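K.L.:
Sharing work01.pdb (PDB, C-alpha atoms and all ligand atoms) below.
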MODEL        1
ATOM      1  CA  MET A 266      85.288 103.496 112.756  1.00  0.00           C
ATOM      2  CA  ILE A 267      88.484 104.670 114.488  1.00  0.00           C
ATOM      3  CA  ARG A 268      91.583 103.587 112.575  1.00  0.00           C
ATOM      4  CA  LEU A 269      94.255 101.523 114.317  1.00  0.00           C
ATOM      5  CA  GLY A 270      97.926 102.062 113.539  1.00  0.00           C
ATOM      6  CA  VAL A 271     100.293  99.477 114.980  1.00  0.00           C
ATOM      7  CA  ASN A 272     103.786 100.491 116.042  1.00  0.00           C
ATOM      8  CA  ILE A 273     106.181  97.573 115.510  1.00  0.00           C
ATOM      9  CA  ASP A 274     109.396  99.214 116.763  1.00  0.00           C
ATOM     10  CA  HIS A 275     109.618  96.698 119.591  1.00  0.00           C
ATOM     11  CA  VAL A 276     109.714  93.748 117.238  1.00  0.00           C
ATOM     12  CA  ALA A 277     113.000  95.268 116.075  1.00  0.00           C
ATOM     13  CA  THR A 278     114.042  95.800 119.712  1.00  0.00           C
ATOM     14  CA  LEU A 279     113.664  92.052 120.283  1.00  0.00           C
ATOM     15  CA  ARG A 280     115.521  91.179 117.066  1.00  0.00           C
ATOM     16  CA  ASN A 281     118.363  93.549 117.936  1.00  0.00           C
ATOM     17  CA  ALA A 282     118.720  91.992 121.405  1.00  0.00           C
ATOM     18  CA  ARG A 283     120.221  88.981 119.585  1.00  0.00           C
ATOM     19  CA  GLY A 284     121.846  90.924 116.770  1.00  0.00           C
ATOM     20  CA  GLU A 285     120.422  88.434 114.292  1.00  0.00           C
ATOM     21  CA  PHE A 286     117.344  88.366 112.034  1.00  0.00           C
ATOM     22  CA  HIS A 287     114.475  87.030 114.127  1.00  0.00           C
ATOM     23  CA  PRO A 288     111.843  88.349 114.743  1.00  0.00           C
ATOM     24  CA  ASP A 289     111.873  90.288 111.484  1.00  0.00           C
ATOM     25  CA  PRO A 290     109.821  93.541 111.586  1.00  0.00           C
ATOM     26  CA  VAL A 291     109.100  93.138 107.873  1.00  0.00           C
ATOM     27  CA  ILE A 292     107.260  89.886 108.622  1.00  0.00           C
ATOM     28  CA  ALA A 293     105.569  91.582 111.586  1.00  0.00           C
ATOM     29  CA  ALA A 294     104.360  94.324 109.221  1.00  0.00           C
ATOM     30  CA  LYS A 295     102.817  91.689 106.951  1.00  0.00           C
ATOM     31  CA  PHE A 296     101.085  90.045 109.945  1.00  0.00           C
ATOM     32  CA  VAL A 297      99.747  93.431 111.051  1.00  0.00           C
ATOM     33  CA  LYS A 298      98.305  94.000 107.607  1.00  0.00           C
ATOM     34  CA  LYS A 299      96.763  90.519 107.471  1.00  0.00           C
ATOM     35  CA  SER A 300      95.250  90.986 110.932  1.00  0.00           C
ATOM     36  CA  GLY A 301      93.202  93.999 109.875  1.00  0.00           C
ATOM     37  CA  ALA A 302      95.082  97.006 111.250  1.00  0.00           C
ATOM     38  CA  ASP A 303      94.796 100.158 109.172  1.00  0.00           C
ATOM     39  CA  SER A 304      98.427 101.218 109.107  1.00  0.00           C
ATOM     40  CA  ILE A 305     101.813 100.524 110.526  1.00  0.00           C
ATOM     41  CA  THR A 306     104.044 102.905 112.452  1.00  0.00           C
ATOM     42  CA  ILE A 307     107.819 102.736 112.625  1.00  0.00           C
ATOM     43  CA  HIS A 308     110.259 105.198 114.138  1.00  0.00           C
ATOM     44  CA  LEU A 309     113.654 105.566 112.529  1.00  0.00           C
ATOM     45  CA  ARG A 310     115.538 106.914 115.532  1.00  0.00           C
ATOM     46  CA  GLU A 311     118.791 108.799 115.169  1.00  0.00           C
ATOM     47  CA  ASP A 312     120.589 106.090 117.178  1.00  0.00           C
ATOM     48  CA  ARG A 313     118.816 103.277 115.196  1.00  0.00           C
ATOM     49  CA  ARG A 314     118.109 101.507 118.471  1.00  0.00           C
ATOM     50  CA  HIS A 315     115.311  99.473 116.930  1.00  0.00           C
ATOM     51  CA  ILE A 316     114.132 100.051 113.337  1.00  0.00           C
ATOM     52  CA  ASN A 317     116.999 100.485 110.861  1.00  0.00           C
ATOM     53  CA  ASP A 318     117.248 102.006 107.389  1.00  0.00           C
ATOM     54  CA  ASN A 319     116.858  98.651 105.665  1.00  0.00           C
ATOM     55  CA  ASP A 320     113.665  97.878 107.637  1.00  0.00           C
ATOM     56  CA  VAL A 321     112.184 101.217 106.581  1.00  0.00           C
ATOM     57  CA  LYS A 322     112.959 100.575 102.920  1.00  0.00           C
ATOM     58  CA  LYS A 323     111.497  97.064 102.978  1.00  0.00           C
ATOM     59  CA  ILE A 324     108.406  97.938 105.038  1.00  0.00           C
ATOM     60  CA  CYS A 325     107.615 100.955 102.846  1.00  0.00           C
ATOM     61  CA  SER A 326     107.699  98.732  99.771  1.00  0.00           C
ATOM     62  CA  ILE A 327     104.994  96.331 101.060  1.00  0.00           C
ATOM     63  CA  LYS A 328     101.991  96.804  98.774  1.00  0.00           C
ATOM     64  CA  ASN A 329      98.721  98.183 100.163  1.00  0.00           C
ATOM     65  CA  LEU A 330     100.093  98.790 103.632  1.00  0.00           C
ATOM     66  CA  PRO A 331      99.976 102.454 104.658  1.00  0.00           C
ATOM     67  CA  VAL A 332     103.169 103.267 106.562  1.00  0.00           C
ATOM     68  CA  ASN A 333     103.457 106.070 109.085  1.00  0.00           C
ATOM     69  CA  LEU A 334     107.123 106.914 109.582  1.00  0.00           C
ATOM     70  CA  GLU A 335     108.016 108.794 112.755  1.00  0.00           C
ATOM     71  CA  VAL A 336     110.904 111.165 112.282  1.00  0.00           C
ATOM     72  CA  SER A 337     112.759 113.719 114.345  1.00  0.00           C
ATOM     73  CA  THR A 338     113.769 117.053 112.823  1.00  0.00           C
ATOM     74  CA  ASN A 339     117.319 115.756 112.277  1.00  0.00           C
ATOM     75  CA  PRO A 340     118.323 116.656 108.663  1.00  0.00           C
ATOM     76  CA  GLU A 341     119.787 113.209 107.949  1.00  0.00           C
ATOM     77  CA  ILE A 342     116.548 111.475 109.015  1.00  0.00           C
ATOM     78  CA  ILE A 343     114.408 113.937 107.019  1.00  0.00           C
ATOM     79  CA  LYS A 344     116.547 113.303 103.941  1.00  0.00           C
ATOM     80  CA  ILE A 345     116.046 109.531 104.262  1.00  0.00           C
ATOM     81  CA  ALA A 346     112.284 109.954 104.745  1.00  0.00           C
ATOM     82  CA  LEU A 347     111.975 112.228 101.708  1.00  0.00           C
ATOM     83  CA  LYS A 348     113.828 109.664  99.626  1.00  0.00           C
ATOM     84  CA  ILE A 349     111.857 106.616 100.802  1.00  0.00           C
ATOM     85  CA  LYS A 350     108.506 108.465 100.688  1.00  0.00           C
ATOM     86  CA  PRO A 351     106.308 106.674 103.262  1.00  0.00           C
ATOM     87  CA  ASN A 352     102.568 107.317 103.029  1.00  0.00           C
ATOM     88  CA  PHE A 353     102.533 109.373 106.217  1.00  0.00           C
ATOM     89  CA  ILE A 354     105.080 111.048 108.434  1.00  0.00           C
ATOM     90  CA  CYS A 355     104.778 112.093 112.044  1.00  0.00           C
ATOM     91  CA  ILE A 356     107.349 114.529 113.388  1.00  0.00           C
ATOM     92  CA  VAL A 357     108.310 113.656 116.962  1.00  0.00           C
ATOM     93  CA  PRO A 358     110.781 115.084 119.464  1.00  0.00           C
ATOM     94  CA  GLU A 359     113.827 112.949 120.099  1.00  0.00           C
ATOM     95  CA  ASN A 360     116.114 112.926 123.055  1.00  0.00           C
ATOM     96  CA  ARG A 361     119.004 110.476 122.956  1.00  0.00           C
ATOM     97  CA  LYS A 362     118.723 109.434 126.620  1.00  0.00           C
ATOM     98  CA  GLU A 363     114.951 108.848 126.693  1.00  0.00           C
ATOM     99  CA  ILE A 364     113.581 105.295 126.863  1.00  0.00           C
ATOM    100  CA  THR A 365     110.625 106.323 124.702  1.00  0.00           C
ATOM    101  CA  THR A 366     109.177 109.583 123.313  1.00  0.00           C
ATOM    102  CA  GLU A 367     108.529 111.420 126.549  1.00  0.00           C
ATOM    103  CA  GLY A 368     106.378 114.327 125.417  1.00  0.00           C
ATOM    104  CA  GLY A 369     105.190 116.327 122.466  1.00  0.00           C
ATOM    105  CA  LEU A 370     107.189 118.663 120.232  1.00  0.00           C
ATOM    106  CA  ASN A 371     108.270 122.090 121.434  1.00  0.00           C
ATOM    107  CA  LEU A 372     106.427 123.880 118.632  1.00  0.00           C
ATOM    108  CA  GLU A 373     107.046 127.393 119.931  1.00  0.00           C
ATOM    109  CA  LYS A 374     110.808 126.881 119.833  1.00  0.00           C
ATOM    110  CA  ASN A 375     111.003 124.989 116.529  1.00  0.00           C
ATOM    111  CA  LYS A 376     108.265 126.701 114.485  1.00  0.00           C
ATOM    112  CA  LYS A 377     110.401 127.732 111.527  1.00  0.00           C
ATOM    113  CA  LEU A 378     112.165 124.398 111.148  1.00  0.00           C
ATOM    114  CA  ILE A 379     108.983 122.339 111.479  1.00  0.00           C
ATOM    115  CA  LYS A 380     107.104 124.516 108.981  1.00  0.00           C
ATOM    116  CA  LYS A 381     109.901 124.000 106.464  1.00  0.00           C
ATOM    117  CA  ILE A 382     109.923 120.226 107.013  1.00  0.00           C
ATOM    118  CA  ILE A 383     106.118 120.017 106.633  1.00  0.00           C
ATOM    119  CA  SER A 384     106.204 121.870 103.329  1.00  0.00           C
ATOM    120  CA  LYS A 385     108.885 119.498 101.979  1.00  0.00           C
ATOM    121  CA  PHE A 386     106.730 116.460 102.756  1.00  0.00           C
ATOM    122  CA  LYS A 387     103.545 118.077 101.463  1.00  0.00           C
ATOM    123  CA  LYS A 388     105.251 118.745  98.141  1.00  0.00           C
ATOM    124  CA  LYS A 389     105.672 114.973  97.857  1.00  0.00           C
ATOM    125  CA  ASN A 390     102.024 114.364  98.804  1.00  0.00           C
ATOM    126  CA  ILE A 391     102.955 112.765 102.100  1.00  0.00           C
ATOM    127  CA  ARG A 392     100.420 113.233 104.896  1.00  0.00           C
ATOM    128  CA  THR A 393     102.039 115.111 107.767  1.00  0.00           C
ATOM    129  CA  SER A 394     101.395 114.893 111.471  1.00  0.00           C
ATOM    130  CA  LEU A 395     102.895 116.543 114.557  1.00  0.00           C
ATOM    131  CA  PHE A 396     103.218 114.720 117.865  1.00  0.00           C
ATOM    132  CA  ILE A 397     102.102 117.309 120.420  1.00  0.00           C
ATOM    133  CA  ASN A 398     101.072 117.638 124.038  1.00  0.00           C
ATOM    134  CA  PRO A 399      97.379 118.253 124.688  1.00  0.00           C
ATOM    135  CA  SER A 400      97.622 122.065 124.616  1.00  0.00           C
ATOM    136  CA  LEU A 401      95.223 124.458 122.884  1.00  0.00           C
ATOM    137  CA  LYS A 402      98.154 126.759 122.129  1.00  0.00           C
ATOM    138  CA  ASP A 403      99.982 123.954 120.308  1.00  0.00           C
ATOM    139  CA  ILE A 404      96.866 123.147 118.271  1.00  0.00           C
ATOM    140  CA  LYS A 405      96.722 126.789 117.121  1.00  0.00           C
ATOM    141  CA  ILE A 406     100.427 126.773 116.243  1.00  0.00           C
ATOM    142  CA  SER A 407      99.967 123.441 114.406  1.00  0.00           C
ATOM    143  CA  LYS A 408      97.341 125.082 112.202  1.00  0.00           C
ATOM    144  CA  LYS A 409      99.752 127.891 111.343  1.00  0.00           C
ATOM    145  CA  LEU A 410     102.465 125.385 110.458  1.00  0.00           C
ATOM    146  CA  GLY A 411     100.156 123.767 107.884  1.00  0.00           C
ATOM    147  CA  THR A 412     100.110 120.202 109.208  1.00  0.00           C
ATOM    148  CA  ASP A 413      97.410 117.777 108.016  1.00  0.00           C
ATOM    149  CA  CYS A 414      97.143 115.997 111.375  1.00  0.00           C
ATOM    150  CA  VAL A 415      98.223 116.186 114.982  1.00  0.00           C
ATOM    151  CA  GLU A 416      98.866 113.203 117.215  1.00  0.00           C
ATOM    152  CA  ILE A 417      98.068 114.005 120.814  1.00  0.00           C
ATOM    153  CA  HIS A 418     100.489 112.536 123.362  1.00  0.00           C
ATOM    154  CA  THR A 419      98.343 110.435 125.687  1.00  0.00           C
ATOM    155  CA  GLY A 420     101.123 109.321 128.035  1.00  0.00           C
ATOM    156  CA  ARG A 421      99.959 111.430 130.981  1.00  0.00           C
ATOM    157  CA  LEU A 422      96.369 110.208 130.701  1.00  0.00           C
ATOM    158  CA  ALA A 423      97.564 106.612 130.396  1.00  0.00           C
ATOM    159  CA  ASN A 424      99.719 106.940 133.525  1.00  0.00           C
ATOM    160  CA  LEU A 425      96.847 108.424 135.543  1.00  0.00           C
ATOM    161  CA  ILE A 426      94.477 105.637 134.489  1.00  0.00           C
ATOM    162  CA  LYS A 427      97.041 102.898 135.141  1.00  0.00           C
ATOM    163  CA  SER A 428      97.804 104.246 138.610  1.00  0.00           C
ATOM    164  CA  LYS A 429      94.059 104.544 139.331  1.00  0.00           C
ATOM    165  CA  LYS A 430      94.258 108.315 139.839  1.00  0.00           C
ATOM    166  CA  LYS A 431      91.672 110.917 138.855  1.00  0.00           C
ATOM    167  CA  PHE A 432      92.022 111.475 135.135  1.00  0.00           C
ATOM    168  CA  SER A 433      89.034 113.679 134.233  1.00  0.00           C
ATOM    169  CA  ASN A 434      91.101 116.898 133.920  1.00  0.00           C
ATOM    170  CA  GLU A 435      93.556 115.315 131.507  1.00  0.00           C
ATOM    171  CA  PHE A 436      90.734 113.628 129.590  1.00  0.00           C
ATOM    172  CA  ASN A 437      88.920 116.973 129.230  1.00  0.00           C
ATOM    173  CA  ARG A 438      92.137 118.663 128.122  1.00  0.00           C
ATOM    174  CA  ILE A 439      92.547 116.078 125.345  1.00  0.00           C
ATOM    175  CA  LYS A 440      88.880 116.392 124.407  1.00  0.00           C
ATOM    176  CA  LYS A 441      89.039 120.203 124.139  1.00  0.00           C
ATOM    177  CA  CYS A 442      92.183 119.995 122.016  1.00  0.00           C
ATOM    178  CA  SER A 443      90.576 117.387 119.761  1.00  0.00           C
ATOM    179  CA  ILE A 444      87.480 119.551 119.254  1.00  0.00           C
ATOM    180  CA  LEU A 445      89.564 122.639 118.459  1.00  0.00           C
ATOM    181  CA  ALA A 446      91.782 120.741 116.011  1.00  0.00           C
ATOM    182  CA  ASP A 447      88.745 119.228 114.317  1.00  0.00           C
ATOM    183  CA  ASN A 448      87.160 122.690 113.995  1.00  0.00           C
ATOM    184  CA  LEU A 449      90.382 123.889 112.378  1.00  0.00           C
ATOM    185  CA  SER A 450      90.245 120.938 109.922  1.00  0.00           C
ATOM    186  CA  ILE A 451      93.250 119.195 111.429  1.00  0.00           C
ATOM    187  CA  GLU A 452      92.781 115.419 111.702  1.00  0.00           C
ATOM    188  CA  VAL A 453      93.297 114.187 115.268  1.00  0.00           C
ATOM    189  CA  HIS A 454      95.268 111.092 116.239  1.00  0.00           C
ATOM    190  CA  ALA A 455      96.204 109.788 119.686  1.00  0.00           C
ATOM    191  CA  GLY A 456      99.117 107.759 120.895  1.00  0.00           C
ATOM    192  CA  HIS A 457     101.477 106.757 123.643  1.00  0.00           C
ATOM    193  CA  GLY A 458     101.058 104.370 126.548  1.00  0.00           C
ATOM    194  CA  LEU A 459      97.676 103.123 125.349  1.00  0.00           C
ATOM    195  CA  ASP A 460      96.308  99.838 126.651  1.00  0.00           C
ATOM    196  CA  TYR A 461      92.773  98.390 126.445  1.00  0.00           C
ATOM    197  CA  LYS A 462      91.359 100.628 129.174  1.00  0.00           C
ATOM    198  CA  THR A 463      92.897 103.918 128.060  1.00  0.00           C
ATOM    199  CA  SER A 464      91.932 103.219 124.441  1.00  0.00           C
ATOM    200  CA  LYS A 465      88.356 102.578 125.507  1.00  0.00           C
ATOM    201  CA  VAL A 466      88.252 105.800 127.524  1.00  0.00           C
ATOM    202  CA  LEU A 467      89.696 107.836 124.642  1.00  0.00           C
ATOM    203  CA  SER A 468      87.462 106.230 122.038  1.00  0.00           C
ATOM    204  CA  LYS A 469      84.639 108.335 123.531  1.00  0.00           C
ATOM    205  CA  ILE A 470      86.204 111.427 121.950  1.00  0.00           C
ATOM    206  CA  ARG A 471      84.625 111.264 118.523  1.00  0.00           C
ATOM    207  CA  GLU A 472      87.071 113.739 116.968  1.00  0.00           C
ATOM    208  CA  ILE A 473      89.963 111.265 117.367  1.00  0.00           C
ATOM    209  CA  LYS A 474      90.220 109.414 114.072  1.00  0.00           C
ATOM    210  CA  GLU A 475      93.334 107.266 114.572  1.00  0.00           C
ATOM    211  CA  PHE A 476      95.059 105.511 117.449  1.00  0.00           C
ATOM    212  CA  ASN A 477      98.717 104.519 117.234  1.00  0.00           C
ATOM    213  CA  ILE A 478      99.590 101.755 119.658  1.00  0.00           C
ATOM    214  CA  GLY A 479     102.868  99.932 120.157  1.00  0.00           C
ATOM    215  CA  HIS A 480     104.362  98.643 123.374  1.00  0.00           C
ATOM    216  CA  TYR A 481     101.238  97.240 125.036  1.00  0.00           C
ATOM    217  CA  LEU A 482      99.900  95.709 121.834  1.00  0.00           C
ATOM    218  CA  ILE A 483     103.174  93.919 121.117  1.00  0.00           C
ATOM    219  CA  GLY A 484     103.365  92.765 124.757  1.00  0.00           C
ATOM    220  CA  GLU A 485      99.834  91.348 124.645  1.00  0.00           C
ATOM    221  CA  SER A 486     100.636  89.596 121.381  1.00  0.00           C
ATOM    222  CA  ILE A 487     103.318  87.595 123.183  1.00  0.00           C
ATOM    223  CA  PHE A 488     100.730  86.245 125.628  1.00  0.00           C
ATOM    224  CA  TYR A 489      98.226  85.413 122.932  1.00  0.00           C
ATOM    225  CA  GLY A 490     100.859  83.816 120.694  1.00  0.00           C
ATOM    226  CA  LEU A 491     102.556  81.670 123.367  1.00  0.00           C
ATOM    227  CA  GLU A 492      99.996  78.860 123.358  1.00  0.00           C
ATOM    228  CA  PHE A 493     100.227  78.334 119.607  1.00  0.00           C
ATOM    229  CA  VAL A 494     104.019  78.365 119.541  1.00  0.00           C
ATOM    230  CA  ILE A 495     104.404  76.048 122.551  1.00  0.00           C
ATOM    231  CA  LYS A 496     101.950  73.526 121.092  1.00  0.00           C
ATOM    232  CA  TYR A 497     103.854  73.652 117.810  1.00  0.00           C
ATOM    233  CA  PHE A 498     107.159  72.940 119.546  1.00  0.00           C
ATOM    234  CA  LYS A 499     105.568  70.074 121.494  1.00  0.00           C
ATOM    235  CA  LYS A 500     104.379  68.606 118.200  1.00  0.00           C
ATOM    236  CA  ILE A 501     107.879  68.821 116.719  1.00  0.00           C
ATOM    237  CA  LEU A 502     109.440  67.294 119.832  1.00  0.00           C
ATOM    238  CA  ARG A 503     106.992  64.394 120.095  1.00  0.00           C
ATOM    239  CA  LYS A 504     109.017  61.177 120.047  1.00  0.00           C
ATOM    240  CA  LYS A 505     108.323  59.029 117.022  1.00  0.00           C
ATOM    241  CA  LYS A 506     107.749  55.342 117.938  1.00  0.00           C
TER     242      LYS A 506
HETATM  243  N1  LIG B 601     102.759 107.535 118.705  1.00  0.00           N
HETATM  244  C1  LIG B 601     103.971 108.127 118.724  1.00  0.00           C
HETATM  245  C2  LIG B 601     104.131 109.409 117.976  1.00  0.00           C
HETATM  246  C3  LIG B 601     105.064 107.551 119.412  1.00  0.00           C
HETATM  247  O1  LIG B 601     106.267 108.153 119.411  1.00  0.00           O
HETATM  248  C4  LIG B 601     104.853 106.321 120.076  1.00  0.00           C
HETATM  249  C5  LIG B 601     105.969 105.682 120.847  1.00  0.00           C
HETATM  250  O2  LIG B 601     107.087 105.519 120.145  1.00  0.00           O
HETATM  251  C6  LIG B 601     103.592 105.718 119.993  1.00  0.00           C
HETATM  252  C7  LIG B 601     102.565 106.362 119.323  1.00  0.00           C
HETATM  253  C8  LIG B 601     103.314 104.376 120.603  1.00  0.00           C
HETATM  254  O3  LIG B 601     103.436 104.438 121.976  1.00  0.00           O
HETATM  255  P1  LIG B 601     103.371 103.077 122.817  1.00  0.00           P
HETATM  256  O4  LIG B 601     104.507 102.226 122.362  1.00  0.00           O
HETATM  257  O5  LIG B 601     103.510 103.534 124.221  1.00  0.00           O
HETATM  258  O6  LIG B 601     102.047 102.452 122.515  1.00  0.00           O
ENDMDL
END
Produce structure tokens that represent the structure in this file.
Ligand code: PXP

P.N.:
Amino acid sequence: MIRLGVNIDHVATLRNARGEFHPDPVIAAKFVKKSGADSITIHLREDRRHINDNDVKKICSIKNLPVNLEVSTNPEIIKIALKIKPNFICIVPENRKEITTEGGLNLEKNKKLIKKIISKFKKKNIRTSLFINPSLKDIKISKKLGTDCVEIHTGRLANLIKSKKKFSNEFNRIKKCSILADNLSIEVHAGHGLDYKTSKVLSKIREIKEFNIGHYLIGESIFYGLEFVIKYFKKILRKKK
């Protein structure tokens, strides 16, 4: 069974749009757990545009809910993560102007720093992952850096599928990377831009053990939750005779 990690950053995006407390990502995390997902993903960004420090603390203290915290290599963020000790961490690149994580880490350029960060987390028994582009070279570097897992950035594949373009080359690239990583005993995850179709396509790669899905899943949840909430409001608003 492929594990499903649910990224709830955008619940915090919606809360922050009002600057108040609803919808609370802590409650969303509890719903995710109750609904059968295997883990939760949150990204504490340097600009705190969605998830904030308090959310991380509270979500990481929910019992029996594995939390995957995405972090950049920023020393302040690493310090917070080491203190809070989530179950898993995933190191991601971060660019202040990006709308979302646009690509994988530049491993070649940041080898030394990333290796040091990985060893700090491993000392605390925290599973480590690196968010990388589907590149055989990056898989080989990942092995040298001592990571437990890699998460392959699936954004390009997702865009090709959504725009109905030929995607076999990108699919094969991801498949080859997954096989190499698996042979090197690195656990393979996939994430970014995944919807029903792209997830189904990628689920054919048996080496991928975990999918991390956020934006589309939260968007779909709005559609599937609307009927219940509207009916509930109608019930409240029914005039009493
Ligand atoms: N995995 C990682 C490492 C990410 O940075 C993101 C996006 O923040 C996701 C998965 C989820 O991507 P999406 O929101 O497009 O499903």

K.L.:
Using all atoms listed in the file, which residues have at least one atom no more than 9 Å from ligand LIG 601 (chain B)? Output them as JSON, numbers by chain.

P.N.:
{"A": [270, 271, 272, 273, 274, 275, 306, 307, 308, 335, 355, 356, 357, 358, 359, 365, 366, 367, 368, 369, 394, 395, 396, 397, 416, 417, 418, 419, 420, 454, 455, 456, 457, 458, 459, 460, 476, 477, 478, 479, 480, 481, 482, 483]}

K.L.:
Skipping near chain neighbours, those fewer than 6 positions away, what residues fall within 12 Å of Lys376 of chain A using only C-alpha atoms, listed as a list in words?

P.N.:
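Listing them by chain and then by number gives Thr338, Leu370, Ile382, Ile383, Leu395, Asp403, Lys405, Ile406, Ser407, Lys408, Lys409, Leu410, Gly411 and Thr412 of chain A.
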
K.L.:
Have a look at atom CA of Asn448 of chain A and atom CA of Asn424 of chain A and let me know their distance in Å, one decimal.

P.N.:
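Interatomic distance here is 28.1 Å.
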
K.L.:
So how many Å separate atom CA of Ala277 of chain A and atom CA of Lys362 of chain A, to one decimal?

P.N.:
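Going from atom CA of Ala277 of chain A over to atom CA of Lys362 of chain A, I get 18.6 Å.
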
K.L.:
Using atom CA of Leu502 of chain A and atom CA of Asn281 of chain A as the two end points, give the distance in Å to one decimal.

P.N.:
27.8 Å

K.L.:
List every protein, DNA or RNA residue with an atom no more than 12 Å from (92.9, 120.5, 129.7) in the file's coordinates, counting all atoms listed in the file, and format the result as a ChimeraX atom specification.

P.N.:
/A:398-402,421-422,432-445

K.L.:
Store the residues picked out above, limited to C-alpha atoms, as an mmCIF file, in the coordinates of the input.

P.N.:
data_model
loop_
_atom_site.group_PDB
_atom_site.id
_atom_site.type_symbol
_atom_site.label_atom_id
_atom_site.label_comp_id
_atom_site.auth_asym_id
_atom_site.auth_seq_id
_atom_site.Cartn_x
_atom_site.Cartn_y
_atom_site.Cartn_z
ATOM 1 C CA ASN A 398 101.072 117.638 124.038
ATOM 2 C CA PRO A 399 97.379 118.253 124.688
ATOM 3 C CA SER A 400 97.622 122.065 124.616
ATOM 4 C CA LEU A 401 95.223 124.458 122.884
ATOM 5 C CA LYS A 402 98.154 126.759 122.129
ATOM 6 C CA ARG A 421 99.959 111.430 130.981
ATOM 7 C CA LEU A 422 96.369 110.208 130.701
ATOM 8 C CA PHE A 432 92.022 111.475 135.135
ATOM 9 C CA SER A 433 89.034 113.679 134.233
ATOM 10 C CA ASN A 434 91.101 116.898 133.920
ATOM 11 C CA GLU A 435 93.556 115.315 131.507
ATOM 12 C CA PHE A 436 90.734 113.628 129.590
ATOM 13 C CA ASN A 437 88.920 116.973 129.230
ATOM 14 C CA ARG A 438 92.137 118.663 128.122
ATOM 15 C CA ILE A 439 92.547 116.078 125.345
ATOM 16 C CA LYS A 440 88.880 116.392 124.407
ATOM 17 C CA LYS A 441 89.039 120.203 124.139
ATOM 18 C CA CYS A 442 92.183 119.995 122.016
ATOM 19 C CA SER A 443 90.576 117.387 119.761
ATOM 20 C CA ILE A 444 87.480 119.551 119.254
ATOM 21 C CA LEU A 445 89.564 122.639 118.459
#

K.L.:
Excluding Ala302 of chain A and residues on its chain fewer than 5 positions from it, collect all residues at most 10 Å away from it, counting only C-alpha atoms, and give them as an MDAnalysis selection string.

P.N.:
chainID A and resid 268:271 294 296:297 330:331

K.L.:
Can you spit out the residues from that selection as a PDB file, in the frame of the given file, using C-alpha atoms?

P.N.:
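The resulting out-v8.pdb:
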ATOM      1  CA  ARG A 268      91.583 103.587 112.575  1.00  0.00           C
ATOM      2  CA  LEU A 269      94.255 101.523 114.317  1.00  0.00           C
ATOM      3  CA  GLY A 270      97.926 102.062 113.539  1.00  0.00           C
ATOM      4  CA  VAL A 271     100.293  99.477 114.980  1.00  0.00           C
ATOM      5  CA  ALA A 294     104.360  94.324 109.221  1.00  0.00           C
ATOM      6  CA  PHE A 296     101.085  90.045 109.945  1.00  0.00           C
ATOM      7  CA  VAL A 297      99.747  93.431 111.051  1.00  0.00           C
ATOM      8  CA  LEU A 330     100.093  98.790 103.632  1.00  0.00           C
ATOM      9  CA  PRO A 331      99.976 102.454 104.658  1.00  0.00           C
TER      10      PRO A 331
END

K.L.:
When distances are computed from all atoms listed in the file, which of A:Asn352, A:Arg361, A:Leu491, A:Lys500 shows the smallest separation from Arg313 of chain A?

P.N.:
A:Arg361

K.L.:
Taking only C-alpha atoms into account, which of A:Ala446, A:Val276, A:Ile354, A:Ile501 comes nearest Ile316 of chain A?

P.N.:
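For Ile316 of chain A, the nearest of the candidates is A:Val276.
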